[in-house]
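Enquirer: The structure follows.
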Amino acid sequence: MEKKFKILSKTECYSGYLKLHLYSLDYEGFSGNWLHNVPREVVENGVAVVVLPYDPVRNCVVVTEQFRIGALAAGRDPWVLGFVAGMMSPEETQEDVARREGEEEIGCPFRRLVRIGAFMPSPGTSSELVHVYVGEADSSAVGEICGVAHEQEDIKVSVLSVSVALERFAKGDFISAGSVIAMQWFAGHHEQLGREWRAQQDLNLRPQA
């Protein structure tokens, strides 16, 4: 049965890189009774794309490390291991964001992209929707320190063998939700994906008749 709701008001409490809104709403409960004038604060920060860079020829992945204020506020090590990620602007597609961020954050464009899925990290307090991909990358072409200077990005880029990346994942070294979800998928699919991408590369390298 379709549940019903009514937004009574939406008040902007803060507007910066993120926006914070206070909603007041009525909605129908599971018992059929209505809850009235329910206040809910929501951080509205748009749509993001995360890409795990995978080199099927060298059987390795490219990881990033950068300072994350959320980890600091949570009492964790603020230099967080992860993958290429960025926010999507209204005129961009998910693939546009993936390719742009690949060049900005690891200095290397993605040849191909495979979509893993999408998730909401914290739907109780945030509107953020994250799309997750694995991208084919040439690990020999990545930079060492990357990022957009005017955005004050400072990103360390490293190349890990697949086995080492999976070991670090098992140890809990990846803590951001997008990276964890990407690694969970990658752990079960990288062998087949690697075979497919290598076969396609071999096909492209064959001389034309």
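Order determines the names: the first chain of the structure tokens is A, the second B, and so forth; residues in each chain are numbered 1 upward, and ligands are numbered 1 upward as they are shown.
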Counting only C-alpha atoms, give me one row per residue of range 119-195 of chain A with an atom at most 12 Å from an atom of range 20-31 of chain A, showing the shortest contact pair and its distance in Å to one decimal, sorted by chain then residue number, as a tab-separated table.

Expert:
```
residue	atom	partner	partner_atom	distance
A:Thr125	CA	A:Leu20	CA	9.7
A:Ser126	CA	A:Leu20	CA	9.1
A:Ser127	CA	A:Leu20	CA	10.2
```

Enquirer: Would you write out those residues with N, CA and C atoms, as a PDB file, in the first residue's frame?

Expert:
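What ended up in result-v7.pdb:
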```pdb
ATOM      1  N   THR A 125      19.460  11.569   7.281  1.00  0.00           N
ATOM      2  CA  THR A 125      19.899  12.948   7.505  1.00  0.00           C
ATOM      3  C   THR A 125      20.439  13.632   6.260  1.00  0.00           C
ATOM      4  N   SER A 126      20.581  12.917   5.153  1.00  0.00           N
ATOM      5  CA  SER A 126      21.215  13.483   3.967  1.00  0.00           C
ATOM      6  C   SER A 126      20.480  13.049   2.705  1.00  0.00           C
ATOM      7  N   SER A 127      20.447  13.954   1.715  1.00  0.00           N
ATOM      8  CA  SER A 127      19.827  13.632   0.425  1.00  0.00           C
ATOM      9  C   SER A 127      20.826  13.057  -0.568  1.00  0.00           C
TER      10      SER A 127
END
```

Enquirer: Residues near range 55-70 of chain A, anyone? I mean within 7 Å using only C-alpha atoms, not counting same-chain ones fewer than 2 positions away, as number ranges by chain.

Expert: A: 53, 72-74, 78-84, 136-139, 154-162, 194, 197-198

Enquirer: Please produce a file of the residues just selected, as a PDB file, in the first residue's frame, where the atoms kept are C-alpha atoms.

Expert:
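Contents of the output file again_16.pdb:
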```
ATOM      1  CA  PRO A  53      40.285   2.541 -11.114  1.00  0.00           C
ATOM      2  CA  LEU A  72      38.571  13.981  11.789  1.00  0.00           C
ATOM      3  CA  ALA A  73      35.261  14.966  13.399  1.00  0.00           C
ATOM      4  CA  ALA A  74      34.542  11.269  14.039  1.00  0.00           C
ATOM      5  CA  PRO A  78      41.631  12.086   8.677  1.00  0.00           C
ATOM      6  CA  TRP A  79      43.848  10.881   5.812  1.00  0.00           C
ATOM      7  CA  VAL A  80      41.396   8.494   4.206  1.00  0.00           C
ATOM      8  CA  LEU A  81      42.127   5.789   1.644  1.00  0.00           C
ATOM      9  CA  GLY A  82      39.672   5.712  -1.223  1.00  0.00           C
ATOM     10  CA  PHE A  83      39.010   6.012  -4.927  1.00  0.00           C
ATOM     11  CA  VAL A  84      38.213   8.669  -7.494  1.00  0.00           C
ATOM     12  CA  GLU A 136      39.557   0.855 -16.760  1.00  0.00           C
ATOM     13  CA  ALA A 137      42.763   2.792 -16.110  1.00  0.00           C
ATOM     14  CA  ASP A 138      46.374   2.691 -17.269  1.00  0.00           C
ATOM     15  CA  SER A 139      48.203   2.562 -13.934  1.00  0.00           C
ATOM     16  CA  ASP A 154      45.906  17.504  -2.149  1.00  0.00           C
ATOM     17  CA  ILE A 155      45.617  13.891  -3.270  1.00  0.00           C
ATOM     18  CA  LYS A 156      48.269  11.210  -2.951  1.00  0.00           C
ATOM     19  CA  VAL A 157      47.958   8.555  -5.658  1.00  0.00           C
ATOM     20  CA  SER A 158      49.230   4.992  -5.211  1.00  0.00           C
ATOM     21  CA  VAL A 159      49.056   1.772  -7.197  1.00  0.00           C
ATOM     22  CA  LEU A 160      48.266  -1.475  -5.357  1.00  0.00           C
ATOM     23  CA  SER A 161      48.222  -4.990  -6.713  1.00  0.00           C
ATOM     24  CA  VAL A 162      44.764  -6.532  -6.611  1.00  0.00           C
ATOM     25  CA  GLY A 194      39.774  -8.533 -16.137  1.00  0.00           C
ATOM     26  CA  TRP A 197      38.715  -6.210 -20.714  1.00  0.00           C
ATOM     27  CA  ARG A 198      41.970  -7.958 -21.663  1.00  0.00           C
TER      28      ARG A 198
END
```

Enquirer: Might you pull out every residue within 8 Å of range 96-100 of chain A, with only C-alpha atoms counted and same-chain residues fewer than 5 positions away left off, and present them as a list in words?

Expert: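 Here the qualifying residues turn out to be Val49, Val50, Val51, Val84, Ala85, Gly86, Met87, Met88, Pro109 and Phe110 of chain A.
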
Enquirer: Rank nothing, just name the residue among A:Pro90, A:Gly147, A:Pro121, A:Gly75 nearest to Ile106 in chain A, using only C-alpha atoms.

Expert: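 Closest residue, counting only C-alpha atoms: A:Gly147.
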
Enquirer: What is the distance between CA of Ala118 in chain A and CA of Asn45 in chain A, in Å to one decimal?

Expert: 15.5 Å

Enquirer: From range 22-156 of chain A, collect each residue whose DSSP state is helix (DSSP H, G or I) and return the set as a ChimeraX atom specification.

Expert: /A:69-73,94-105,139-141,149-151

Enquirer: Determine the nearest neighbour of Ala177 in chain A from the options A:His36, A:Lys4, A:Arg111, A:His131, counting only C-alpha atoms.

Expert: A:His131

Enquirer: Which of range 77-166 of chain A end up as strand (DSSP E or B) when DSSP is run on this backbone - answer as a PyMOL selection string?

Expert: chain A and resi 79-82+84-87+113-119+126+129-136+145-146+155-161

Enquirer: Store the residues picked out above in a file with C-alpha atoms, as a PDB file, in the first residue's frame.

Expert:
```pdb
ATOM      1  CA  TRP A  79      43.848  10.881   5.812  1.00  0.00           C
ATOM      2  CA  VAL A  80      41.396   8.494   4.206  1.00  0.00           C
ATOM      3  CA  LEU A  81      42.127   5.789   1.644  1.00  0.00           C
ATOM      4  CA  GLY A  82      39.672   5.712  -1.223  1.00  0.00           C
ATOM      5  CA  VAL A  84      38.213   8.669  -7.494  1.00  0.00           C
ATOM      6  CA  ALA A  85      35.082  10.595  -6.509  1.00  0.00           C
ATOM      7  CA  GLY A  86      33.290  13.842  -7.233  1.00  0.00           C
ATOM      8  CA  MET A  87      29.989  15.691  -7.234  1.00  0.00           C
ATOM      9  CA  LEU A 113      33.296   2.316 -17.203  1.00  0.00           C
ATOM     10  CA  VAL A 114      31.110  -0.393 -15.686  1.00  0.00           C
ATOM     11  CA  ARG A 115      28.324   0.688 -13.370  1.00  0.00           C
ATOM     12  CA  ILE A 116      28.125  -1.145 -10.045  1.00  0.00           C
ATOM     13  CA  GLY A 117      25.049   0.512  -8.568  1.00  0.00           C
ATOM     14  CA  ALA A 118      23.834   3.398  -6.426  1.00  0.00           C
ATOM     15  CA  PHE A 119      23.220   3.978  -2.738  1.00  0.00           C
ATOM     16  CA  SER A 126      21.215  13.483   3.967  1.00  0.00           C
ATOM     17  CA  LEU A 129      22.884   9.808  -3.791  1.00  0.00           C
ATOM     18  CA  VAL A 130      26.112   8.058  -4.802  1.00  0.00           C
ATOM     19  CA  HIS A 131      26.649   6.167  -8.070  1.00  0.00           C
ATOM     20  CA  VAL A 132      29.500   3.639  -8.047  1.00  0.00           C
ATOM     21  CA  TYR A 133      31.581   2.497 -11.023  1.00  0.00           C
ATOM     22  CA  VAL A 134      34.729   0.581 -11.840  1.00  0.00           C
ATOM     23  CA  GLY A 135      36.829   2.236 -14.525  1.00  0.00           C
ATOM     24  CA  GLU A 136      39.557   0.855 -16.760  1.00  0.00           C
ATOM     25  CA  ILE A 145      50.251  14.044  -6.199  1.00  0.00           C
ATOM     26  CA  CYS A 146      47.075  15.249  -7.899  1.00  0.00           C
ATOM     27  CA  ILE A 155      45.617  13.891  -3.270  1.00  0.00           C
ATOM     28  CA  LYS A 156      48.269  11.210  -2.951  1.00  0.00           C
ATOM     29  CA  VAL A 157      47.958   8.555  -5.658  1.00  0.00           C
ATOM     30  CA  SER A 158      49.230   4.992  -5.211  1.00  0.00           C
ATOM     31  CA  VAL A 159      49.056   1.772  -7.197  1.00  0.00           C
ATOM     32  CA  LEU A 160      48.266  -1.475  -5.357  1.00  0.00           C
ATOM     33  CA  SER A 161      48.222  -4.990  -6.713  1.00  0.00           C
TER      34      SER A 161
END
```

Enquirer: Please indicate the distance in Å from CA of Met183 in chain A to CA of Phe169 in chain A, rounded to one decimal place.

Expert: 7.1 Å

Enquirer: Smallest atom-to-atom distance to Arg40 in chain A: which of A:Ser15, A:Pro123, A:Thr93, A:Asp77, using only C-alpha atoms?

Expert: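 Closest to Arg40 in chain A, using only C-alpha atoms: A:Pro123.
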
Enquirer: Mind giving me the straight-line distance from CA of Arg195 in chain A to CA of Ala182 in chain A in Å, one decimal?

Expert: 18.6 Å

Enquirer: With distances taken over only C-alpha atoms, which of A:Tyr14, A:Leu8, A:Val42, A:Met120 is nearest to Ile181 in chain A?

Expert: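 Ranked by minimum distance to Ile181 in chain A, first place goes to A:Met120.
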